Amino acid sequence: MGTVVEISSGFFLLVGAFLSVSGGVGVMRFPDFYSRMHAVGVTDTLAASMILIGLMLQMPESLVVVKLILILLLTLFINPTASHALAKAALHNNLAPLLDKSGDNNAGDDSSNS
Amino acid sequence: MIAVATIAILVVMILAITRGIVGPTLYDRILAVNMFGTKTVLLLSLLGFLMGRPEFLDIAIVYALINFISVTGILRYSDALGSTVSVDEKPEKKES
């Protein structure tokens with residue numbers, strides 16, 4: 001039973017790490033503010049949930065799980081709210097999304113990747 | 001596995017702070033700071049488990065609250081500013 005819990009904990013942590021790295025790469029490479037916000041949304045909710053669930057399975061039956069559930073609930077409430085406010089403020093201040101006007105939206109858009 | 005996740009979070013934090021430095025508009029910077037704050041919470045949780053001191057989770061809770069308050073405050077400020085002044089540092093045709 002303990003082995004199953006440890007293996008699932010490692011699985012959740014690895015999935016969370018992969019989703020975090022993919023979100024970070026998306027933040028660096030996406031051409032537009034709104035598509036970058038999509039990458040950050042993936043990283044902020046799903047990857048954080050995966051890593052926190054993996055940490056919960058590291059030490060079940062203690063007070064740590066309650067704190068981790070509290071952090072998870074805060075993350076799941078706070079990050080969509082912040083994303084919504086950010087998109088609303090950006091649209092309100094006339095930041096236009098990058099639309100596909102002439103079919104060249106993947107031609108030379110990452111002038112700042114690392 | 002905790003060490004692997006910690007290294008991944010550190011890499012993502014480097015990527016986020018790079019986007020915050022080179023971000024073309026103000027909102028890219030706010031987005032990067034928000035992402036950096038969330039990753040700070042995760043890094044604190046992971047470090048607490050990695051160092052065998054799960055008391056770090058309390059600090060992680062406080063960081064989550066501070067992150068939300070700071071992002072909301074900056075957005076309120078930019079919203080009030082944007083009604084009179086365009087806050088885009090460059091027009092949105094930076095990416096061509």
# chains A, B, ... in the order shown; residues from 1 in each chain; ligands from 1
>>> residues_around(residues="segment 42-53 of chain A", least_positions_apart="5", cutoff="6 Å", atoms="only C-alpha atoms", output="VMD selection string")
chain A and resid 12 to 13 16 19 to 20 23
>>> interface_residues(of="chain A", to="chain B", cutoff="7 Å", atoms="only C-alpha atoms", output="PDB file with C-alpha atoms, in the first residue's frame")
ATOM      1  CA  GLY A  10       6.024  10.483  -7.919  1.00  0.00           C
ATOM      2  CA  LEU A  13       5.002  15.272  -9.164  1.00  0.00           C
ATOM      3  CA  LEU A  14       6.444  14.356 -12.547  1.00  0.00           C
ATOM      4  CA  ALA A  17       6.873  19.284 -13.359  1.00  0.00           C
ATOM      5  CA  SER A  20       5.167  23.579 -15.431  1.00  0.00           C
ATOM      6  CA  VAL A  21       8.026  23.362 -17.905  1.00  0.00           C
ATOM      7  CA  GLY A  24       7.208  28.136 -19.069  1.00  0.00           C
ATOM      8  CA  MET A  28       8.573  32.361 -23.693  1.00  0.00           C
ATOM      9  CA  PRO A  31       3.505  35.338 -29.937  1.00  0.00           C
ATOM     10  CA  PHE A  33      -0.288  38.289 -24.766  1.00  0.00           C
ATOM     11  CA  VAL A  40       0.161  30.648 -17.707  1.00  0.00           C
ATOM     12  CA  ASP A  44      -1.064  28.044 -12.590  1.00  0.00           C
ATOM     13  CA  ALA A  48       0.017  23.518  -9.207  1.00  0.00           C
ATOM     14  CA  VAL A  64       0.389  18.882   6.471  1.00  0.00           C
ATOM     15  CA  LYS A  67      -2.350  22.994   4.886  1.00  0.00           C
ATOM     16  CA  ILE A  71      -2.989  26.113  -0.464  1.00  0.00           C
ATOM     17  CA  ILE A  78      -7.026  33.091  -6.750  1.00  0.00           C
ATOM     18  CA  ALA A  82      -6.288  37.144 -11.322  1.00  0.00           C
ATOM     19  CA  LEU A  86      -5.767  40.709 -16.124  1.00  0.00           C
ATOM     20  CA  ALA A  89      -7.800  45.119 -17.823  1.00  0.00           C
ATOM     21  CA  ALA A  90      -5.853  44.346 -20.995  1.00  0.00           C
ATOM     22  CA  ASN A  93      -6.928  49.283 -22.224  1.00  0.00           C
ATOM     23  CA  LEU A  95      -4.510  45.730 -26.104  1.00  0.00           C
ATOM     24  CA  ALA A  96      -5.579  44.079 -29.317  1.00  0.00           C
ATOM     25  CA  ASP A 109       7.176  35.717 -34.114  1.00  0.00           C
TER      26      ASP A 109
END
>>> atom_distance(atom1="atom CA of Val33 of chain B", atom2="atom CA of Arg53 of chain B")
26.7 Å
>>> select_by_dssp(residues="segment 2-108 of chain A", states="alpha helix (DSSP H)", output="short mmCIF file (atom, residue, chain, number, x, y, z; two decimals) with N, CA and C atoms, in the first residue's frame")
data_model
loop_
_atom_site.label_atom_id
_atom_site.label_comp_id
_atom_site.auth_asym_id
_atom_site.auth_seq_id
_atom_site.Cartn_x
_atom_site.Cartn_y
_atom_site.Cartn_z
N GLY A 2 1.91 1.21 0.80
CA GLY A 2 2.80 2.37 0.83
C GLY A 2 3.51 2.59 -0.48
N THR A 3 3.82 1.45 -1.14
CA THR A 3 4.50 1.58 -2.43
C THR A 3 3.60 2.22 -3.47
N VAL A 4 2.32 1.85 -3.43
CA VAL A 4 1.37 2.43 -4.38
C VAL A 4 1.27 3.94 -4.17
N VAL A 5 1.21 4.33 -2.91
CA VAL A 5 1.10 5.77 -2.61
C VAL A 5 2.35 6.51 -3.07
N GLU A 6 3.52 5.88 -2.86
CA GLU A 6 4.75 6.56 -3.27
C GLU A 6 4.85 6.67 -4.79
N ILE A 7 4.44 5.62 -5.47
CA ILE A 7 4.53 5.66 -6.94
C ILE A 7 3.55 6.69 -7.51
N SER A 8 2.35 6.74 -6.93
CA SER A 8 1.39 7.73 -7.45
C SER A 8 1.84 9.15 -7.10
N SER A 9 2.50 9.31 -5.94
CA SER A 9 3.02 10.63 -5.60
C SER A 9 4.09 11.07 -6.59
N GLY A 10 5.00 10.15 -6.94
CA GLY A 10 6.02 10.48 -7.92
C GLY A 10 5.43 10.77 -9.28
N PHE A 11 4.38 10.03 -9.64
CA PHE A 11 3.71 10.28 -10.92
C PHE A 11 3.11 11.67 -10.96
N PHE A 12 2.40 12.04 -9.87
CA PHE A 12 1.79 13.37 -9.85
C PHE A 12 2.85 14.46 -9.89
N LEU A 13 3.95 14.25 -9.17
CA LEU A 13 5.00 15.27 -9.16
C LEU A 13 5.64 15.41 -10.53
N LEU A 14 5.83 14.27 -11.22
CA LEU A 14 6.44 14.36 -12.55
C LEU A 14 5.51 15.02 -13.55
N VAL A 15 4.21 14.70 -13.47
CA VAL A 15 3.26 15.34 -14.38
C VAL A 15 3.21 16.84 -14.11
N GLY A 16 3.23 17.21 -12.84
CA GLY A 16 3.23 18.64 -12.51
C GLY A 16 4.48 19.34 -13.00
N ALA A 17 5.63 18.68 -12.88
CA ALA A 17 6.87 19.28 -13.36
C ALA A 17 6.85 19.45 -14.87
N PHE A 18 6.33 18.43 -15.57
CA PHE A 18 6.25 18.53 -17.02
C PHE A 18 5.31 19.65 -17.45
N LEU A 19 4.15 19.75 -16.78
CA LEU A 19 3.21 20.81 -17.16
C LEU A 19 3.79 22.19 -16.85
N SER A 20 4.55 22.29 -15.75
CA SER A 20 5.17 23.58 -15.43
C SER A 20 6.16 23.98 -16.50
N VAL A 21 7.01 23.03 -16.91
CA VAL A 21 8.03 23.36 -17.91
C VAL A 21 7.37 23.70 -19.24
N SER A 22 6.29 22.97 -19.59
CA SER A 22 5.63 23.29 -20.86
C SER A 22 4.98 24.67 -20.80
N GLY A 23 4.43 25.02 -19.64
CA GLY A 23 3.87 26.37 -19.51
C GLY A 23 4.94 27.44 -19.58
N GLY A 24 6.11 27.17 -19.00
CA GLY A 24 7.21 28.14 -19.07
C GLY A 24 7.70 28.33 -20.49
N VAL A 25 7.82 27.24 -21.24
CA VAL A 25 8.23 27.33 -22.63
C VAL A 25 7.18 28.09 -23.45
N GLY A 26 5.90 27.82 -23.13
CA GLY A 26 4.84 28.55 -23.82
C GLY A 26 4.87 30.03 -23.52
N VAL A 27 5.19 30.38 -22.28
CA VAL A 27 5.28 31.80 -21.95
C VAL A 27 6.42 32.48 -22.71
N MET A 28 7.48 31.74 -22.95
CA MET A 28 8.57 32.36 -23.69
C MET A 28 8.31 32.39 -25.19
N ARG A 29 7.59 31.45 -25.73
CA ARG A 29 7.55 31.31 -27.19
C ARG A 29 6.25 31.75 -27.84
N PHE A 33 -0.04 38.22 -26.21
CA PHE A 33 -0.29 38.29 -24.77
C PHE A 33 -1.36 37.30 -24.34
N TYR A 34 -2.40 37.18 -25.12
CA TYR A 34 -3.53 36.33 -24.70
C TYR A 34 -3.16 34.85 -24.78
N SER A 35 -2.38 34.49 -25.79
CA SER A 35 -1.95 33.09 -25.84
C SER A 35 -0.95 32.79 -24.74
N ARG A 36 -0.14 33.78 -24.38
CA ARG A 36 0.74 33.59 -23.22
C ARG A 36 -0.08 33.40 -21.95
N MET A 37 -1.21 34.09 -21.89
CA MET A 37 -2.05 33.94 -20.71
C MET A 37 -2.66 32.54 -20.65
N HIS A 38 -2.91 31.96 -21.80
CA HIS A 38 -3.37 30.57 -21.83
C HIS A 38 -2.30 29.64 -21.24
N ALA A 39 -1.04 29.84 -21.64
CA ALA A 39 0.03 28.99 -21.10
C ALA A 39 0.16 29.17 -19.60
N VAL A 40 0.05 30.40 -19.15
CA VAL A 40 0.16 30.65 -17.71
C VAL A 40 -1.02 30.03 -16.96
N GLY A 41 -2.20 30.04 -17.60
CA GLY A 41 -3.34 29.41 -16.95
C GLY A 41 -3.15 27.92 -16.74
N ALA A 48 0.00 23.30 -10.65
CA ALA A 48 0.02 23.52 -9.21
C ALA A 48 -0.81 22.45 -8.49
N SER A 49 -1.96 22.10 -9.07
CA SER A 49 -2.78 21.05 -8.46
C SER A 49 -2.04 19.72 -8.44
N MET A 50 -1.40 19.39 -9.56
CA MET A 50 -0.67 18.12 -9.62
C MET A 50 0.44 18.07 -8.59
N ILE A 51 1.23 19.15 -8.49
CA ILE A 51 2.36 19.14 -7.56
C ILE A 51 1.85 19.10 -6.12
N LEU A 52 0.77 19.82 -5.83
CA LEU A 52 0.27 19.81 -4.45
C LEU A 52 -0.36 18.47 -4.09
N ILE A 53 -1.02 17.82 -5.05
CA ILE A 53 -1.57 16.49 -4.75
C ILE A 53 -0.43 15.49 -4.55
N GLY A 54 0.62 15.61 -5.36
CA GLY A 54 1.78 14.76 -5.16
C GLY A 54 2.44 14.96 -3.81
N LEU A 55 2.46 16.21 -3.35
CA LEU A 55 3.02 16.46 -2.02
C LEU A 55 2.10 15.94 -0.92
N MET A 56 0.78 15.98 -1.16
CA MET A 56 -0.15 15.41 -0.18
C MET A 56 0.09 13.92 -0.01
N LEU A 57 0.35 13.25 -1.12
CA LEU A 57 0.57 11.80 -1.02
C LEU A 57 1.92 11.47 -0.41
N GLN A 58 2.82 12.46 -0.32
CA GLN A 58 4.10 12.18 0.33
C GLN A 58 3.93 11.93 1.82
N VAL A 64 -0.16 18.31 7.70
CA VAL A 64 0.39 18.88 6.47
C VAL A 64 -0.62 18.83 5.34
N VAL A 65 -1.43 17.76 5.33
CA VAL A 65 -2.42 17.60 4.26
C VAL A 65 -3.45 18.71 4.32
N VAL A 66 -3.82 19.13 5.53
CA VAL A 66 -4.80 20.20 5.67
C VAL A 66 -4.23 21.50 5.11
N LYS A 67 -2.97 21.77 5.41
CA LYS A 67 -2.35 22.99 4.89
C LYS A 67 -2.23 22.93 3.37
N LEU A 68 -1.90 21.74 2.85
CA LEU A 68 -1.77 21.62 1.40
C LEU A 68 -3.13 21.79 0.71
N ILE A 69 -4.20 21.27 1.35
CA ILE A 69 -5.53 21.46 0.78
C ILE A 69 -5.90 22.94 0.80
N LEU A 70 -5.47 23.64 1.87
CA LEU A 70 -5.75 25.08 1.95
C LEU A 70 -5.02 25.83 0.84
N ILE A 71 -3.75 25.47 0.62
CA ILE A 71 -2.99 26.11 -0.46
C ILE A 71 -3.62 25.80 -1.81
N LEU A 72 -4.08 24.57 -1.98
CA LEU A 72 -4.71 24.17 -3.25
C LEU A 72 -5.99 24.95 -3.49
N LEU A 73 -6.80 25.10 -2.44
CA LEU A 73 -8.04 25.85 -2.61
C LEU A 73 -7.75 27.32 -2.91
N LEU A 74 -6.77 27.89 -2.21
CA LEU A 74 -6.41 29.28 -2.48
C LEU A 74 -5.93 29.45 -3.91
N THR A 75 -5.10 28.50 -4.37
CA THR A 75 -4.59 28.58 -5.74
C THR A 75 -5.73 28.48 -6.74
N LEU A 76 -6.65 27.55 -6.50
CA LEU A 76 -7.73 27.35 -7.46
C LEU A 76 -8.73 28.50 -7.45
N PHE A 77 -8.80 29.26 -6.35
CA PHE A 77 -9.68 30.41 -6.39
C PHE A 77 -8.97 31.66 -6.89
N ILE A 78 -7.71 31.82 -6.52
CA ILE A 78 -7.03 33.09 -6.75
C ILE A 78 -6.56 33.23 -8.19
N ASN A 79 -6.01 32.17 -8.77
CA ASN A 79 -5.38 32.32 -10.07
C ASN A 79 -6.37 32.57 -11.21
N PRO A 80 -7.53 31.88 -11.27
CA PRO A 80 -8.50 32.28 -12.29
C PRO A 80 -9.02 33.69 -12.10
N THR A 81 -9.17 34.11 -10.84
CA THR A 81 -9.61 35.48 -10.60
C THR A 81 -8.60 36.49 -11.12
N ALA A 82 -7.33 36.23 -10.85
CA ALA A 82 -6.29 37.14 -11.32
C ALA A 82 -6.19 37.13 -12.84
N SER A 83 -6.37 35.95 -13.45
CA SER A 83 -6.32 35.88 -14.91
C SER A 83 -7.48 36.63 -15.53
N HIS A 84 -8.65 36.49 -14.92
CA HIS A 84 -9.82 37.20 -15.43
C HIS A 84 -9.63 38.71 -15.32
N ALA A 85 -9.12 39.16 -14.18
CA ALA A 85 -8.91 40.60 -14.01
C ALA A 85 -7.85 41.11 -14.97
N LEU A 86 -6.84 40.29 -15.22
CA LEU A 86 -5.77 40.71 -16.12
C LEU A 86 -6.27 40.82 -17.55
N ALA A 87 -7.04 39.83 -17.99
CA ALA A 87 -7.57 39.88 -19.36
C ALA A 87 -8.55 41.03 -19.51
N LYS A 88 -9.34 41.26 -18.47
CA LYS A 88 -10.30 42.36 -18.54
C LYS A 88 -9.59 43.71 -18.60
N ALA A 89 -8.54 43.85 -17.80
CA ALA A 89 -7.80 45.12 -17.82
C ALA A 89 -7.09 45.32 -19.16
N ALA A 90 -6.56 44.22 -19.72
CA ALA A 90 -5.85 44.35 -21.00
C ALA A 90 -6.82 44.70 -22.11
N LEU A 91 -8.00 44.08 -22.12
CA LEU A 91 -8.98 44.42 -23.15
C LEU A 91 -9.51 45.83 -22.95
N HIS A 92 -9.65 46.20 -21.67
CA HIS A 92 -10.18 47.52 -21.38
C HIS A 92 -9.22 48.62 -21.81
#
>>> atom_distance(atom1="atom CA of Gly48 of chain B", atom2="atom CA of Gly73 of chain B")
28.9 Å
>>> atom_distance(atom1="atom CA of Phe56 of chain B", atom2="atom CA of Leu63 of chain A")
12.7 Å
